[in-house]
Structures are given as structure tokens and as C-alpha cells.
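K.L.:
Sending over protein-v5.cif (mmCIF, C-alpha atoms).
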data_model
loop_
_atom_site.label_atom_id
_atom_site.label_comp_id
_atom_site.auth_asym_id
_atom_site.auth_seq_id
_atom_site.Cartn_x
_atom_site.Cartn_y
_atom_site.Cartn_z
CA GLY K 754 -32.26 -48.95 -20.47
CA GLN K 755 -33.20 -49.87 -23.98
CA ASN K 756 -30.09 -48.92 -25.91
CA ILE K 757 -30.16 -49.23 -29.65
CA ASP K 758 -26.89 -49.08 -31.53
CA GLN K 759 -26.19 -48.21 -35.14
CA PRO K 760 -23.09 -46.99 -36.93
CA THR K 761 -23.06 -43.21 -37.04
CA GLU K 762 -21.97 -42.79 -40.64
CA MET K 763 -21.46 -44.91 -43.73
CA THR K 764 -20.31 -44.15 -47.24
CA ALA K 765 -20.97 -46.19 -50.37
CA THR K 766 -20.76 -45.84 -54.12
CA GLU K 767 -23.66 -45.45 -56.51
CA GLY K 768 -24.79 -48.86 -57.77
CA ALA K 769 -23.28 -50.73 -54.84
CA ILE K 770 -24.89 -52.60 -51.95
CA VAL K 771 -24.75 -51.39 -48.35
CA GLN K 772 -25.81 -53.05 -45.11
CA ILE K 773 -26.73 -50.96 -42.08
CA ASN K 774 -26.70 -52.87 -38.81
CA CYS K 775 -28.77 -52.30 -35.69
CA THR K 776 -28.46 -54.02 -32.33
CA TYR K 777 -30.95 -53.69 -29.50
CA GLN K 778 -31.85 -55.03 -26.10
CA THR K 779 -34.20 -57.98 -26.51
CA SER K 780 -36.24 -57.71 -23.32
CA GLY K 781 -39.77 -56.50 -24.11
CA PHE K 782 -39.25 -56.59 -27.88
CA ASN K 783 -42.43 -56.41 -29.97
CA GLY K 784 -41.19 -55.34 -33.39
CA LEU K 785 -38.53 -53.40 -35.24
CA PHE K 786 -38.89 -50.60 -37.76
CA TRP K 787 -36.57 -48.93 -40.24
CA TYR K 788 -37.14 -45.34 -41.30
CA GLN K 789 -35.48 -43.14 -43.89
CA GLN K 790 -35.04 -39.46 -43.15
CA HIS K 791 -33.74 -36.93 -45.63
CA ALA K 792 -32.28 -33.74 -44.22
CA GLY K 793 -35.00 -31.33 -43.14
CA GLU K 794 -37.78 -33.84 -43.64
CA ALA K 795 -39.80 -36.17 -41.43
CA PRO K 796 -38.93 -39.87 -41.15
CA THR K 797 -40.67 -42.11 -43.65
CA PHE K 798 -41.47 -45.76 -42.99
CA LEU K 799 -39.38 -48.35 -44.82
CA SER K 800 -39.96 -51.71 -43.15
CA TYR K 801 -41.31 -53.61 -40.19
CA ASN K 802 -39.99 -56.90 -38.82
CA VAL K 803 -41.55 -58.88 -36.00
CA LEU K 804 -40.52 -62.44 -36.98
CA ASP K 805 -37.04 -63.74 -37.73
CA GLY K 806 -35.91 -63.63 -41.30
CA LEU K 807 -35.62 -61.37 -44.29
CA GLU K 808 -38.32 -59.05 -45.59
CA GLU K 809 -37.71 -57.86 -49.14
CA LYS K 810 -39.29 -54.77 -50.63
CA GLY K 811 -37.80 -53.73 -53.93
CA ARG K 812 -34.25 -52.46 -53.53
CA PHE K 813 -34.57 -52.49 -49.74
CA SER K 814 -34.56 -55.56 -47.50
CA SER K 815 -34.63 -55.86 -43.74
CA PHE K 816 -33.49 -58.78 -41.62
CA LEU K 817 -34.25 -59.66 -38.02
CA SER K 818 -32.81 -62.10 -35.50
CA ARG K 819 -34.80 -61.83 -32.28
CA SER K 820 -32.54 -64.14 -30.29
CA LYS K 821 -29.47 -62.07 -31.15
CA GLY K 822 -31.14 -58.67 -30.83
CA TYR K 823 -29.92 -57.84 -34.33
CA SER K 824 -31.33 -56.37 -37.49
CA TYR K 825 -29.94 -54.98 -40.70
CA LEU K 826 -31.23 -52.89 -43.55
CA LEU K 827 -29.84 -53.85 -46.95
CA LEU K 828 -29.92 -51.32 -49.75
CA LYS K 829 -29.15 -52.58 -53.26
CA GLU K 830 -28.34 -50.72 -56.47
CA LEU K 831 -27.65 -47.57 -54.53
CA GLN K 832 -28.82 -44.30 -56.00
CA MET K 833 -27.76 -40.77 -55.11
CA LYS K 834 -31.23 -40.15 -53.67
CA ASP K 835 -30.58 -42.84 -51.07
CA SER K 836 -28.25 -40.43 -49.28
CA ALA K 837 -30.14 -39.94 -46.01
CA SER K 838 -30.23 -40.95 -42.38
CA TYR K 839 -31.59 -44.41 -41.60
CA LEU K 840 -33.23 -44.88 -38.23
CA CYS K 841 -33.75 -48.19 -36.47
CA ALA K 842 -36.62 -48.16 -33.96
CA VAL K 843 -37.90 -50.84 -31.59
CA ASP K 844 -41.43 -51.23 -30.25
CA TYR K 845 -41.04 -52.26 -26.64
CA ASN K 846 -44.66 -52.28 -25.53
CA TYR K 847 -47.14 -53.05 -28.29
CA GLY K 848 -47.22 -49.56 -29.72
CA GLN K 849 -46.79 -47.69 -26.44
CA ASN K 850 -43.03 -47.37 -26.24
CA PHE K 851 -40.94 -46.79 -29.36
CA VAL K 852 -37.22 -46.28 -28.91
CA PHE K 853 -35.15 -44.88 -31.77
CA GLY K 854 -31.50 -45.56 -32.45
CA PRO K 855 -29.07 -42.72 -33.12
CA GLY K 856 -29.47 -43.08 -36.88
CA THR K 857 -26.94 -43.88 -39.58
CA ARG K 858 -26.07 -41.13 -42.01
CA LEU K 859 -25.47 -42.73 -45.40
CA SER K 860 -23.64 -40.84 -48.12
CA VAL K 861 -23.83 -42.24 -51.65
CA LEU K 862 -20.98 -41.08 -53.84
CA PRO K 863 -20.91 -41.05 -57.65
CA SER Y 1371 -51.42 -45.81 -42.85
CA ALA Y 1372 -52.64 -42.57 -41.33
CA VAL Y 1373 -51.88 -39.17 -42.85
CA ILE Y 1374 -50.80 -36.49 -40.39
CA SER Y 1375 -51.08 -32.75 -40.87
CA GLN Y 1376 -48.87 -30.73 -38.57
CA LYS Y 1377 -48.65 -26.96 -38.27
CA PRO Y 1378 -46.90 -24.63 -38.20
CA SER Y 1379 -44.17 -26.12 -40.36
CA ARG Y 1380 -41.72 -23.58 -39.02
CA ASP Y 1381 -41.65 -20.50 -36.85
CA ILE Y 1382 -39.24 -18.00 -35.41
CA CYS Y 1383 -40.07 -17.12 -31.83
CA GLN Y 1384 -38.89 -14.69 -29.22
CA ARG Y 1385 -37.41 -15.83 -25.94
CA GLY Y 1386 -40.02 -16.13 -23.20
CA THR Y 1387 -42.99 -16.67 -25.49
CA SER Y 1388 -45.00 -19.86 -26.02
CA LEU Y 1389 -46.01 -21.62 -29.20
CA THR Y 1390 -48.63 -24.31 -29.79
CA ILE Y 1391 -48.15 -26.94 -32.47
CA GLN Y 1392 -51.20 -28.71 -33.85
CA CYS Y 1393 -51.41 -32.26 -35.15
CA GLN Y 1394 -54.40 -33.59 -37.08
CA VAL Y 1395 -54.69 -37.23 -38.16
CA ASP Y 1396 -57.02 -38.26 -40.96
CA SER Y 1397 -58.25 -41.34 -39.09
CA GLN Y 1398 -58.68 -42.56 -35.55
CA VAL Y 1399 -55.40 -43.87 -34.19
CA THR Y 1400 -54.51 -45.84 -31.11
CA MET Y 1401 -51.60 -43.75 -29.86
CA MET Y 1402 -50.20 -40.29 -30.53
CA PHE Y 1403 -46.71 -39.19 -29.57
CA TRP Y 1404 -44.62 -36.03 -29.60
CA TYR Y 1405 -40.90 -36.22 -30.40
CA ARG Y 1406 -38.10 -33.69 -30.47
CA GLN Y 1407 -35.21 -33.90 -32.91
CA GLN Y 1408 -32.27 -31.58 -32.45
CA PRO Y 1409 -29.95 -30.89 -35.39
CA GLY Y 1410 -28.02 -33.97 -36.43
CA GLN Y 1411 -29.58 -36.06 -33.69
CA SER Y 1412 -32.08 -38.88 -33.52
CA LEU Y 1413 -35.61 -38.64 -32.17
CA THR Y 1414 -36.28 -38.16 -28.48
CA LEU Y 1415 -39.74 -38.94 -27.14
CA ILE Y 1416 -41.25 -36.04 -25.20
CA ALA Y 1417 -44.54 -37.62 -24.22
CA THR Y 1418 -47.42 -39.86 -25.15
CA ALA Y 1419 -50.62 -37.89 -25.75
CA ASN Y 1420 -53.49 -39.68 -24.01
CA GLN Y 1421 -57.02 -39.12 -25.21
CA GLY Y 1422 -59.09 -37.42 -22.56
CA SER Y 1423 -56.43 -37.47 -19.86
CA GLU Y 1424 -53.03 -36.05 -18.96
CA ALA Y 1425 -50.11 -36.93 -21.19
CA THR Y 1426 -47.41 -39.35 -20.08
CA TYR Y 1427 -44.05 -37.57 -20.04
CA GLU Y 1428 -40.59 -39.05 -20.48
CA SER Y 1429 -37.75 -38.35 -18.12
CA GLY Y 1430 -36.50 -34.81 -18.57
CA PHE Y 1431 -39.78 -33.41 -19.87
CA VAL Y 1432 -42.47 -31.83 -17.69
CA ILE Y 1433 -46.03 -30.72 -18.20
CA ASP Y 1434 -45.40 -27.10 -17.26
CA LYS Y 1435 -42.87 -26.75 -20.06
CA PHE Y 1436 -44.60 -28.95 -22.65
CA PRO Y 1437 -48.34 -29.01 -22.02
CA ILE Y 1438 -50.12 -31.46 -24.31
CA SER Y 1439 -53.76 -31.90 -25.19
CA ARG Y 1440 -55.57 -34.71 -26.94
CA PRO Y 1441 -59.28 -34.02 -26.87
CA ASN Y 1442 -60.17 -36.84 -29.27
CA LEU Y 1443 -58.63 -39.73 -31.20
CA THR Y 1444 -57.50 -37.65 -34.18
CA PHE Y 1445 -56.13 -34.38 -32.78
CA SER Y 1446 -53.38 -33.29 -30.41
CA THR Y 1447 -51.47 -30.15 -29.53
CA LEU Y 1448 -48.05 -29.56 -28.02
CA THR Y 1449 -47.18 -26.21 -26.47
CA VAL Y 1450 -43.58 -25.19 -25.94
CA SER Y 1451 -43.77 -22.73 -23.04
CA ASN Y 1452 -41.50 -19.90 -21.99
CA MET Y 1453 -39.13 -20.68 -24.84
CA SER Y 1454 -35.38 -20.26 -24.73
CA PRO Y 1455 -32.81 -20.74 -27.51
CA GLU Y 1456 -32.23 -24.28 -26.20
CA ASP Y 1457 -35.75 -25.16 -27.33
CA SER Y 1458 -34.79 -24.54 -30.96
CA SER Y 1459 -35.47 -27.88 -32.55
CA ILE Y 1460 -37.77 -29.86 -34.79
CA TYR Y 1461 -40.89 -31.14 -33.06
CA LEU Y 1462 -42.59 -34.13 -34.62
CA CYS Y 1463 -46.06 -35.52 -34.08
CA SER Y 1464 -46.53 -39.22 -34.69
CA ALA Y 1465 -49.38 -41.70 -34.62
CA TRP Y 1466 -49.55 -45.44 -34.12
CA SER Y 1467 -52.19 -47.51 -35.80
CA ALA Y 1468 -52.31 -50.90 -34.10
CA GLY Y 1469 -54.01 -52.57 -37.04
CA ALA Y 1470 -51.46 -51.30 -39.54
CA ASN Y 1471 -48.39 -51.75 -37.29
CA VAL Y 1472 -46.98 -48.48 -38.55
CA LEU Y 1473 -45.73 -45.42 -36.70
CA THR Y 1474 -46.39 -42.46 -38.98
CA PHE Y 1475 -44.92 -38.98 -38.64
CA GLY Y 1476 -46.11 -35.51 -39.41
CA ALA Y 1477 -43.86 -33.25 -41.45
CA GLY Y 1478 -42.47 -31.64 -38.30
CA SER Y 1479 -42.38 -28.12 -36.92
CA ARG Y 1480 -39.01 -26.38 -37.01
CA LEU Y 1481 -38.80 -23.85 -34.22
CA THR Y 1482 -36.07 -21.23 -33.93
CA VAL Y 1483 -35.96 -19.26 -30.69
CA LEU Y 1484 -34.05 -16.01 -30.73
#
What's the C-alpha cells form of this structure?

P.N.:
Amino acid sequence: GQNIDQPTEMTATEGAIVQINCTYQTSGFNGLFWYQQHAGEAPTFLSYNVLDGLEEKGRFSSFLSRSKGYSYLLLKELQMKDSASYLCAVDYNYGQNFVFGPGTRLSVLP
Amino acid sequence: SAVISQKPSRDICQRGTSLTIQCQVDSQVTMMFWYRQQPGQSLTLIATANQGSEATYESGFVIDKFPISRPNLTFSTLTVSNMSPEDSSIYLCSAWSAGANVLTFGAGSRLTVL
């Protein structure tokens, strides 16, 4: 199979930094996505990594290591509105087979 | 990236009935998919909607229960047939634009089956 693993839940404090990890099976890998999903809403696109390294976009950054089958999403200067589920998804066939991880539910506390 | 309009946004249905969900994309996209998301869970792919031909279903999903149409590159429908309470879920349409490398989602359709 194409198992994708993420921690189920994480808690952090407002203003802090949190790193959400994602591991995946490397065979057939064509790209990795991070999505944010607030309760009752559709997932919204955060980032896309296809090459090794760090992609920075404002308070959010995403890292990829293709050889290790590993990615992380880094959220800085946490705000209460960042409380949401964060989904890691892998493209295994050039846009024809996306597999989603179980999602990490992040709670930001005051 | 593409903008997706999905309707209905929510519905309450009676056991044994069928409901069709519509998905309209504002531009031609390479691939369209239908996902199911049960409460507190991640997304599960139901099928890939193929333009002009039968959809490709994932293990555990069959055409008789979830018939799908995709008559052109911007529109697709998913029907949930002969519904039971176990079909209560959020159904999400998504579209892949190869040029943009983005998988975009509709707002979802929350179905409750009584």
C-alpha cells in the first residue's frame, strides 16, 4: 500500500512554533501537498513540494526529503485561527493518484 | 488554480432514496475526483471521474452505489444511491490542474441520512 503517517493530534501555544511531520512510502512519488482544513470546511491548499528542501511561504514552511520519505510543515508565530486539521497528501501518479494521510488535528491554546 | 462550485452544500435524506451531487469547475481541468470524508476522519477517494467514459472506482466503492458522470472537462456528478445511515458523510469534489500542480476542492456536500 501507500501508507502515509502523521501524528493524530498536537497542541501548541499561541505565538509558538510547531512542526507537523509526515512520512510516506517513496515508491512512485511525484510530489507532496499540505492542506489545512477547518472543522466543517473543505481542505485548502497550503504548499507543494516536489524537490528536496524547504519551501517558505509567510508563517508556513514545508520541507521535503525524497530519499527519506519525509516531510514536515512548520508553522511559526501560531495564531488561534491556526487551530485546524493539517493533511499531508502524496501524488503517486502524476495527478492520477493522490493519497491522503490521516491528518493532524492542531489545537492552539492561548 | 481552479474554482469549484459544488451543490447541494448539505441535505437531509430518507433511507432508500438517492441524491445527486453536482460539481462545476470554472476552467478545464485534467482530472476530477470524488472523495468521502467521515466525521473526524481523513479523505477517502471514491473514484476518478473520467471525461466521456466510466469512472475508475477505488476498492470498496462500486458503480451501482456511486454512479458518476463527467460529460465534459468542467462538470461532474456523483449520485449516492439507495442511501442508508452509513452513507452520512461529507462528499468532496476535487480537480487537478496539471499546469498548476494543485489539487483543489469544492466546499463539500454534507449528507445526513435518516

K.L.:
I'd like a table as a Markdown table: residues in range 1379-1421 of chain Y with an atom no more than 12 Å from range 1471-1481 of chain Y, each row giving the shortest atom pair and its distance in Å to one decimal, all atoms listed in the file counted, sorted by chain and rising residue number.

P.N.:
| residue | atom | partner | partner_atom | distance |
| --- | --- | --- | --- | --- |
| Y:Ser1379 | CA | Y:Ser1479 | CA | 4.4 |
| Y:Arg1380 | CA | Y:Arg1480 | CA | 4.4 |
| Y:Asp1381 | CA | Y:Leu1481 | CA | 5.1 |
| Y:Ile1382 | CA | Y:Leu1481 | CA | 6.0 |
| Y:Cys1383 | CA | Y:Leu1481 | CA | 7.3 |
| Y:Gln1384 | CA | Y:Leu1481 | CA | 10.4 |
| Y:Arg1385 | CA | Y:Leu1481 | CA | 11.6 |
| Y:Ser1388 | CA | Y:Leu1481 | CA | 11.0 |
| Y:Leu1389 | CA | Y:Leu1481 | CA | 9.1 |
| Y:Thr1390 | CA | Y:Ser1479 | CA | 10.2 |
| Y:Ile1391 | CA | Y:Ser1479 | CA | 7.4 |
| Y:Gln1392 | CA | Y:Ser1479 | CA | 9.4 |
| Y:Cys1393 | CA | Y:Gly1476 | CA | 7.5 |
| Y:Gln1394 | CA | Y:Gly1476 | CA | 8.8 |
| Y:Val1395 | CA | Y:Gly1476 | CA | 8.8 |
| Y:Asp1396 | CA | Y:Gly1476 | CA | 11.4 |
| Y:Ser1397 | CA | Y:Thr1474 | CA | 11.9 |
| Y:Val1399 | CA | Y:Leu1473 | CA | 10.1 |
| Y:Thr1400 | CA | Y:Leu1473 | CA | 10.4 |
| Y:Met1401 | CA | Y:Leu1473 | CA | 9.2 |
| Y:Met1402 | CA | Y:Leu1473 | CA | 9.2 |
| Y:Phe1403 | CA | Y:Phe1475 | CA | 9.2 |
| Y:Trp1404 | CA | Y:Phe1475 | CA | 9.5 |
| Y:Tyr1405 | CA | Y:Gly1478 | CA | 9.3 |
| Y:Arg1406 | CA | Y:Gly1478 | CA | 9.2 |
| Y:Gln1407 | CA | Y:Gly1478 | CA | 9.3 |
| Y:Gln1408 | CA | Y:Arg1480 | CA | 9.7 |
| Y:Pro1409 | CA | Y:Arg1480 | CA | 10.2 |
| Y:Leu1413 | CA | Y:Phe1475 | CA | 11.3 |

K.L.:
May I have a table of the residues of chain K lying at most 7 Å from chain Y, giving each one's closest pair of atoms and their distance in Å to one decimal, counting only C-alpha atoms, ordered by chain and ascending residue number, as CSV?

P.N.:
residue,atom,partner,partner_atom,distance
K:Glu794,CA,Y:Ala1477,CA,6.5
K:Ala795,CA,Y:Ala1477,CA,5.0
K:Pro796,CA,Y:Phe1475,CA,6.6
K:Gly848,CA,Y:Trp1466,CA,6.5
K:Phe853,CA,Y:Leu1413,CA,6.3
K:Gly854,CA,Y:Ser1412,CA,6.8
K:Pro855,CA,Y:Ser1412,CA,4.9
K:Gly856,CA,Y:Ser1412,CA,6.0

K.L.:
Could you save those same residues with C-alpha atoms as a PDB file, in the frame of the given file?

P.N.:
ATOM      1  CA  GLU K 794     -37.780 -33.840 -43.640  1.00  0.00           C
ATOM      2  CA  ALA K 795     -39.800 -36.170 -41.430  1.00  0.00           C
ATOM      3  CA  PRO K 796     -38.930 -39.870 -41.150  1.00  0.00           C
ATOM      4  CA  GLY K 848     -47.220 -49.560 -29.720  1.00  0.00           C
ATOM      5  CA  PHE K 853     -35.150 -44.880 -31.770  1.00  0.00           C
ATOM      6  CA  GLY K 854     -31.500 -45.560 -32.450  1.00  0.00           C
ATOM      7  CA  PRO K 855     -29.070 -42.720 -33.120  1.00  0.00           C
ATOM      8  CA  GLY K 856     -29.470 -43.080 -36.880  1.00  0.00           C
TER       9      GLY K 856
END

K.L.:
Between K:Leu859, K:Leu804, K:Val852, K:Val843, which one has atoms that come closest to Ala792 in chain K, using only C-alpha atoms?

P.N.:
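Closest to Ala792 in chain K of all the choices is K:Leu859.
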
K.L.:
What do you get, as a list in words, if you spell out every residue that the PyMOL selection byres ((chain K and resi 860) around 12) selects here?

P.N.:
Thr761, Glu762, Met763, Thr764, Ala765, Thr766, Glu767, Ala769, Val771, His791, Ala792, Leu831, Gln832, Met833, Lys834, Asp835, Ser836, Ala837, Ser838, Tyr839, Thr857, Arg858, Leu859, Val861, Leu862 and Pro863 of chain K

K.L.:
What gap, in Å, lies between CA of Pro1437 in chain Y and CA of Ser1375 in chain Y?

P.N.:
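Separation of CA of Pro1437 in chain Y and CA of Ser1375 in chain Y: 19.4 Å.
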
K.L.:
Please provide as a PyMOL selection string all residues within 12 Å of range 811-815 of chain K, with the sequence filter that same-chain residues fewer than 3 positions apart are discarded (counting only C-alpha atoms).

P.N.:
chain K and resi 768-775+785-789+798-808+818+823-832+835+839+841

K.L.:
Got time to write the residues from that selection, C-alpha atoms, as a compact mmCIF listing (two decimals), in the coordinates of the input?

P.N.:
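Full text of out-v7.txt as output:
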# COMPACT_ATOMS: atom_id res chain seq x y z
CA GLY K 768 -24.79 -48.86 -57.77
CA ALA K 769 -23.28 -50.73 -54.84
CA ILE K 770 -24.89 -52.60 -51.95
CA VAL K 771 -24.75 -51.39 -48.35
CA GLN K 772 -25.81 -53.05 -45.11
CA ILE K 773 -26.73 -50.96 -42.08
CA ASN K 774 -26.70 -52.87 -38.81
CA CYS K 775 -28.77 -52.30 -35.69
CA LEU K 785 -38.53 -53.40 -35.24
CA PHE K 786 -38.89 -50.60 -37.76
CA TRP K 787 -36.57 -48.93 -40.24
CA TYR K 788 -37.14 -45.34 -41.30
CA GLN K 789 -35.48 -43.14 -43.89
CA PHE K 798 -41.47 -45.76 -42.99
CA LEU K 799 -39.38 -48.35 -44.82
CA SER K 800 -39.96 -51.71 -43.15
CA TYR K 801 -41.31 -53.61 -40.19
CA ASN K 802 -39.99 -56.90 -38.82
CA VAL K 803 -41.55 -58.88 -36.00
CA LEU K 804 -40.52 -62.44 -36.98
CA ASP K 805 -37.04 -63.74 -37.73
CA GLY K 806 -35.91 -63.63 -41.30
CA LEU K 807 -35.62 -61.37 -44.29
CA GLU K 808 -38.32 -59.05 -45.59
CA SER K 818 -32.81 -62.10 -35.50
CA TYR K 823 -29.92 -57.84 -34.33
CA SER K 824 -31.33 -56.37 -37.49
CA TYR K 825 -29.94 -54.98 -40.70
CA LEU K 826 -31.23 -52.89 -43.55
CA LEU K 827 -29.84 -53.85 -46.95
CA LEU K 828 -29.92 -51.32 -49.75
CA LYS K 829 -29.15 -52.58 -53.26
CA GLU K 830 -28.34 -50.72 -56.47
CA LEU K 831 -27.65 -47.57 -54.53
CA GLN K 832 -28.82 -44.30 -56.00
CA ASP K 835 -30.58 -42.84 -51.07
CA TYR K 839 -31.59 -44.41 -41.60
CA CYS K 841 -33.75 -48.19 -36.47

K.L.:
On this file, the PyMOL selection byres ((chain K and resi 822) around 10) gives some set of residues; write that set as a list in words.

P.N.:
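Selected by the PyMOL selection byres ((chain K and resi 822) around 10) here: Ile757, Cys775, Thr776, Tyr777, Gln778, Thr779, Ser780, Phe782, Leu817, Ser818, Arg819, Ser820, Lys821, Tyr823 and Ser824 of chain K.
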
K.L.:
Dig up all the protein and nucleic acid residues within 7 Å of (-42.4, -18.0, -23.7) in the file frame, using all atoms listed in the file, and format them as a list of chain:residue names.

P.N.:
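In the file's frame, the residues around the point are Y:Arg1385, Y:Gly1386, Y:Thr1387, Y:Ser1388, Y:Ser1451, Y:Asn1452, Y:Met1453.
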
K.L.:
Could you check which of K:Gln790, K:Asn783, K:Asn756, K:Thr797 is closest to Asn846 in chain K, using all atoms listed in the file?

P.N.:
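Smallest distance to Asn846 in chain K is found for K:Asn783.
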
K.L.:
Please report the interatomic distance between CA of Asp1434 in chain Y and CA of Gln849 in chain K in Å with one decimal.

P.N.:
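Between these atoms lies a distance of 22.6 Å.
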
K.L.:
Work out how far apart CA of Lys1435 in chain Y and CA of Ser1454 in chain Y are and give it in Å to one decimal.

P.N.:
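Straight-line distance from CA of Lys1435 in chain Y to CA of Ser1454 in chain Y works out to 11.0 Å.
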
K.L.:
Could you tell me, as a short mmCIF file (atom, residue, chain, number, x, y, z; two decimals) with C-alpha atoms, in the frame of the given file, exactly which residues end up selected when the PyMOL selection byres ((chain Y and resi 1443) around 8) is applied to this structure?

P.N.:
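Final output, saved to part_20.cif:
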data_model
loop_
_atom_site.label_atom_id
_atom_site.label_comp_id
_atom_site.auth_asym_id
_atom_site.auth_seq_id
_atom_site.Cartn_x
_atom_site.Cartn_y
_atom_site.Cartn_z
CA GLN Y 1398 -58.68 -42.56 -35.55
CA VAL Y 1399 -55.40 -43.87 -34.19
CA THR Y 1400 -54.51 -45.84 -31.11
CA GLN Y 1421 -57.02 -39.12 -25.21
CA ARG Y 1440 -55.57 -34.71 -26.94
CA PRO Y 1441 -59.28 -34.02 -26.87
CA ASN Y 1442 -60.17 -36.84 -29.27
CA THR Y 1444 -57.50 -37.65 -34.18
CA PHE Y 1445 -56.13 -34.38 -32.78
#

K.L.:
Draw an axis-aligned box over all listed atoms of range 777-789 of chain K, pad each side with 3 Å, and write its centre and edge lengths in Å, one decimal, as AutoDock Vina command-line options.

P.N.:
--center_x -36.7 --center_y -50.6 --center_z -33.6 --size_x 17.5 --size_y 20.8 --size_z 26.6
